[in-house]
Amino acid sequence: MAQLKSIELPERVAPERPDNRIAAPPTKSRWWVWLLVLVVIGAAVWYYRGHAKSQADASAGAGASNAQGGAQGGGGKGRGGPGGGGPPVVPVVVATAQRGDLPVYFTGLGTVTAFNTVTVHSRVDGQLISVAFKEGQFVKQGDVLAQIDPRPFQVILEQAEGQLAKDQAQRKDAEVNLERFKLLYGEGVIAKQQMDTQGSQVGQFNGAIQTDQATINSAKLQLSYSRVTAPISGRIGLRLVDAGNMVHASDPGGLLVITQLQPISVIFSLPQDQLPQVASKLHSGGQLLVDAFDRDNTDKIASGTLASIDNQIDVTTGTYKLKAIFKNDDNVLFPNQFVNVHLLVDTKRNLTIVATAAIQRGPQGTYVYVVDSTNTVKIHNVTIAQTTDNNTGVSAGLNPGDVVVTDGQDKLQEGSKVNPSAGGGRRSGGQGNSYNPTSGNPPNANSPNGNPPANSAPGNPNKQAPAQAPGQPPPKQRGNSR
């Protein structure tokens, strides 16, 4: 029995322990294996990406060096050509200087003012029975505008006429009695005093008749005032009183307002430093022309002449006022309208005129870039005589016919090679043959500096232009350099 137990115990326990020892270790070792595999894969990806990026940077640097070397060589064949030794070609916009005259304008801010403004009031008191105008209507001097009830004034007139007839009859009776008294006095029947008294009575009736006549004239005048007429020709504004209301001569608002629009005036101000030049021109008998521009100072509205200068300077602003007259036949100017005034005071003659965009300023003063026949720029110092709008008149340093750069000067220096493109300024989608950041087109990825090649079409840096600027070779060296 003891021997059997010693044999059975190992047989029950032995099969369970070996199974447990074998199952646990494989589960733990498989977890760490997968984690190690993931770490190795991540390290490989990181190494591959870093290596690829370094190779790409090295390739880009080599391409830039090759492109720069190609742009400097080839006897001026253009950017990216074979060879070396020349500066890069810069695309620019150019314009030709011309000989001409340039006007000198003084500009100021002005307000359109009606030549005459009249507030029409009633001259008599009464009821407004009718209105004979429409709001905004143009009327002429003497046109009937409104009617006030005339019956009270007609009655006053009739009363005055009746009093006149009475006094005239009494004067006639007094004159007859005077003739009788003169006969009686001649016969010595009456005293001289009685005759003189009768003569003075005739004089009193003559004075009463004159008073009656004045009363009649006053009544007629009041009756005429019951018809309201236009004192000037002009445009009627909004109606201030409606028919049926009682109106009085003392009413502050009046019945309506008439503004004279033809002609019309503009009041504007200029700095006091410009007064001597304007006053001398005006006092010499010259007629100075004045142009009125819109609020944005872009479109000319009307043209007129300077009428007068104010007699004092405003000490608070240091300016003086001027008045200009405009015919305003087309009614484009309106009272209280804001305008920009251009006063023509002189004309600079025989100047070399260029676009204002061509003028550059630096430590050496004002200068321009001039393009010669070999498409090489040179710096010319210039003397500016007058600048008007977008044109600048040069009195020295530039000749008519010189080709100047108007756009793209930021990349130029003395002796730079350029690819000129005719034009007066910046164009939509690009300027000349260069990339315009405002056009929305991205830089050329094939160019080492991000800019499109010199032979790219405007607005599309990846497409070759169908035509090339004069004096430039066909743009084929970009592909050869690569």
# chains A, B, ... in the order shown; residues from 1 in each chain; ligands from 1

$ residues_around --residues "Ile309 of chain A" --least-positions-apart "2" --cutoff "8 Å" --atoms "only C-alpha atoms" --output "ChimeraX atom specification"
/A:279,307,311,320-323

$ closest_residue --among "A:Gln222, A:Val104, A:Thr298, A:Asp173" --to "Gln277 of chain A" --atoms "only C-alpha atoms"
A:Val104

$ select_by_dssp --residues "segment 206-370 of chain A" --states "strand (DSSP E)" --output "count of residues only"
79

$ closest_residue --among "A:Thr352, A:Ser200, A:Ser280, A:Ser395" --to "Asn177 of chain A" --atoms "only C-alpha atoms"
A:Ser200

$ residues_around --residues "Asp402 of chain A" --least-positions-apart "2" --cutoff "6 Å" --atoms "only C-alpha atoms" --output "list in words"
Thr96, Ala97, Asn399 and Pro400 of chain A

$ write_last_selection --atoms "N, CA and C atoms" --output "CSV table (one decimal), in the first residue's frame"
chain,number,residue,atom,x,y,z
A,96,THR,N,8.9,105.2,-73.1
A,96,THR,CA,9.7,106.1,-73.8
A,96,THR,C,9.4,107.5,-73.3
A,97,ALA,N,10.5,108.3,-73.0
A,97,ALA,CA,10.3,109.7,-72.6
A,97,ALA,C,10.0,110.5,-73.8
A,399,ASN,N,16.7,112.8,-72.0
A,399,ASN,CA,16.4,113.4,-73.3
A,399,ASN,C,15.1,112.7,-73.9
A,400,PRO,N,14.4,113.4,-74.7
A,400,PRO,CA,13.3,112.7,-75.4
A,400,PRO,C,13.7,111.5,-76.2

$ residues_around --residues "segment 231-237 of chain A" --least-positions-apart "2" --cutoff "12 Å" --atoms "only C-alpha atoms" --output "PyMOL selection string"
chain A and resi 114-121+132-145+228-229+239-241+255-264+331+334-335

$ residues_around --residues "segment 338-349 of chain A" --least-positions-apart "4" --cutoff "7 Å" --atoms "only C-alpha atoms" --output "list in words"
Gly100, Asp101, Leu102, Pro103, Val104, Tyr105, Phe106, Thr107, Gly108, Leu109, Gly110, Thr111, Val112, Val278, Leu288, Leu289, Val290, Asp291, Ala292, Phe293, Asp294, Arg295 and Asn297 of chain A

$ write_last_selection --atoms "N, CA and C atoms" --output "mmCIF file, in the first residue's frame"
data_model
loop_
_atom_site.group_PDB
_atom_site.id
_atom_site.type_symbol
_atom_site.label_atom_id
_atom_site.label_comp_id
_atom_site.auth_asym_id
_atom_site.auth_seq_id
_atom_site.Cartn_x
_atom_site.Cartn_y
_atom_site.Cartn_z
ATOM 1 N N GLY A 100 7.168 117.576 -74.235
ATOM 2 C CA GLY A 100 5.833 118.134 -74.199
ATOM 3 C C GLY A 100 5.689 119.199 -73.126
ATOM 4 N N ASP A 101 4.461 119.700 -72.980
ATOM 5 C CA ASP A 101 4.117 120.717 -71.986
ATOM 6 C C ASP A 101 3.337 120.066 -70.854
ATOM 7 N N LEU A 102 3.556 120.564 -69.661
ATOM 8 C CA LEU A 102 2.905 119.990 -68.488
ATOM 9 C C LEU A 102 2.190 121.105 -67.729
ATOM 10 N N PRO A 103 0.881 120.996 -67.524
ATOM 11 C CA PRO A 103 0.147 122.047 -66.791
ATOM 12 C C PRO A 103 0.463 122.021 -65.302
ATOM 13 N N VAL A 104 0.344 123.189 -64.685
ATOM 14 C CA VAL A 104 0.561 123.338 -63.242
ATOM 15 C C VAL A 104 -0.797 123.628 -62.601
ATOM 16 N N TYR A 105 -1.242 122.735 -61.750
ATOM 17 C CA TYR A 105 -2.538 122.858 -61.101
ATOM 18 C C TYR A 105 -2.361 123.061 -59.600
ATOM 19 N N PHE A 106 -3.213 123.928 -59.039
ATOM 20 C CA PHE A 106 -3.382 124.012 -57.600
ATOM 21 C C PHE A 106 -4.694 123.299 -57.266
ATOM 22 N N THR A 107 -4.654 122.383 -56.333
ATOM 23 C CA THR A 107 -5.838 121.587 -55.998
ATOM 24 C C THR A 107 -6.327 121.939 -54.604
ATOM 25 N N GLY A 108 -7.637 121.921 -54.469
ATOM 26 C CA GLY A 108 -8.258 122.204 -53.178
ATOM 27 C C GLY A 108 -9.627 121.556 -53.086
ATOM 28 N N LEU A 109 -10.189 121.601 -51.899
ATOM 29 C CA LEU A 109 -11.518 121.043 -51.642
ATOM 30 C C LEU A 109 -12.545 122.167 -51.724
ATOM 31 N N GLY A 110 -13.648 121.884 -52.425
ATOM 32 C CA GLY A 110 -14.655 122.921 -52.628
ATOM 33 C C GLY A 110 -16.061 122.422 -52.393
ATOM 34 N N THR A 111 -16.970 123.375 -52.269
ATOM 35 C CA THR A 111 -18.391 123.100 -52.088
ATOM 36 C C THR A 111 -19.174 123.901 -53.114
ATOM 37 N N VAL A 112 -20.070 123.217 -53.792
ATOM 38 C CA VAL A 112 -20.919 123.892 -54.777
ATOM 39 C C VAL A 112 -21.949 124.747 -54.037
ATOM 40 N N VAL A 278 -1.598 133.192 -57.618
ATOM 41 C CA VAL A 278 -2.972 133.270 -58.129
ATOM 42 C C VAL A 278 -3.407 134.724 -58.261
ATOM 43 N N LEU A 288 -8.348 132.486 -65.375
ATOM 44 C CA LEU A 288 -7.842 131.204 -64.887
ATOM 45 C C LEU A 288 -8.937 130.153 -64.996
ATOM 46 N N LEU A 289 -8.581 129.018 -65.586
ATOM 47 C CA LEU A 289 -9.531 127.933 -65.760
ATOM 48 C C LEU A 289 -9.594 127.074 -64.504
ATOM 49 N N VAL A 290 -10.813 126.609 -64.200
ATOM 50 C CA VAL A 290 -11.047 125.793 -63.015
ATOM 51 C C VAL A 290 -11.812 124.548 -63.439
ATOM 52 N N ASP A 291 -11.343 123.383 -63.000
ATOM 53 C CA ASP A 291 -12.012 122.108 -63.270
ATOM 54 C C ASP A 291 -12.522 121.538 -61.958
ATOM 55 N N ALA A 292 -13.749 121.044 -62.004
ATOM 56 C CA ALA A 292 -14.357 120.405 -60.835
ATOM 57 C C ALA A 292 -14.383 118.904 -61.061
ATOM 58 N N PHE A 293 -13.795 118.156 -60.118
ATOM 59 C CA PHE A 293 -13.745 116.701 -60.186
ATOM 60 C C PHE A 293 -14.670 116.118 -59.116
ATOM 61 N N ASP A 294 -14.990 114.843 -59.287
ATOM 62 C CA ASP A 294 -15.910 114.191 -58.364
ATOM 63 C C ASP A 294 -15.254 113.936 -57.016
ATOM 64 N N ARG A 295 -15.993 113.271 -56.131
ATOM 65 C CA ARG A 295 -15.517 113.039 -54.762
ATOM 66 C C ARG A 295 -14.237 112.211 -54.738
ATOM 67 N N ASN A 297 -11.976 112.245 -57.016
ATOM 68 C CA ASN A 297 -10.936 112.975 -57.741
ATOM 69 C C ASN A 297 -10.446 112.197 -58.961
#

$ select_by_dssp --residues "segment 152-340 of chain A" --states "helix (DSSP H, G or I)" --output "JSON, numbers by chain"
{"A": [152, 153, 154, 155, 156, 157, 158, 159, 160, 161, 162, 163, 164, 165, 166, 167, 168, 169, 170, 171, 172, 173, 174, 175, 176, 177, 178, 179, 180, 181, 182, 183, 184, 185, 186, 192, 193, 194, 195, 196, 197, 198, 199, 200, 201, 202, 203, 204, 205, 206, 207, 208, 209, 210, 211, 212, 213, 214, 215, 216, 217, 218, 219, 220, 221, 222, 223, 224, 225, 272, 273, 274, 275, 276, 277, 278, 279, 280, 281, 282, 283]}
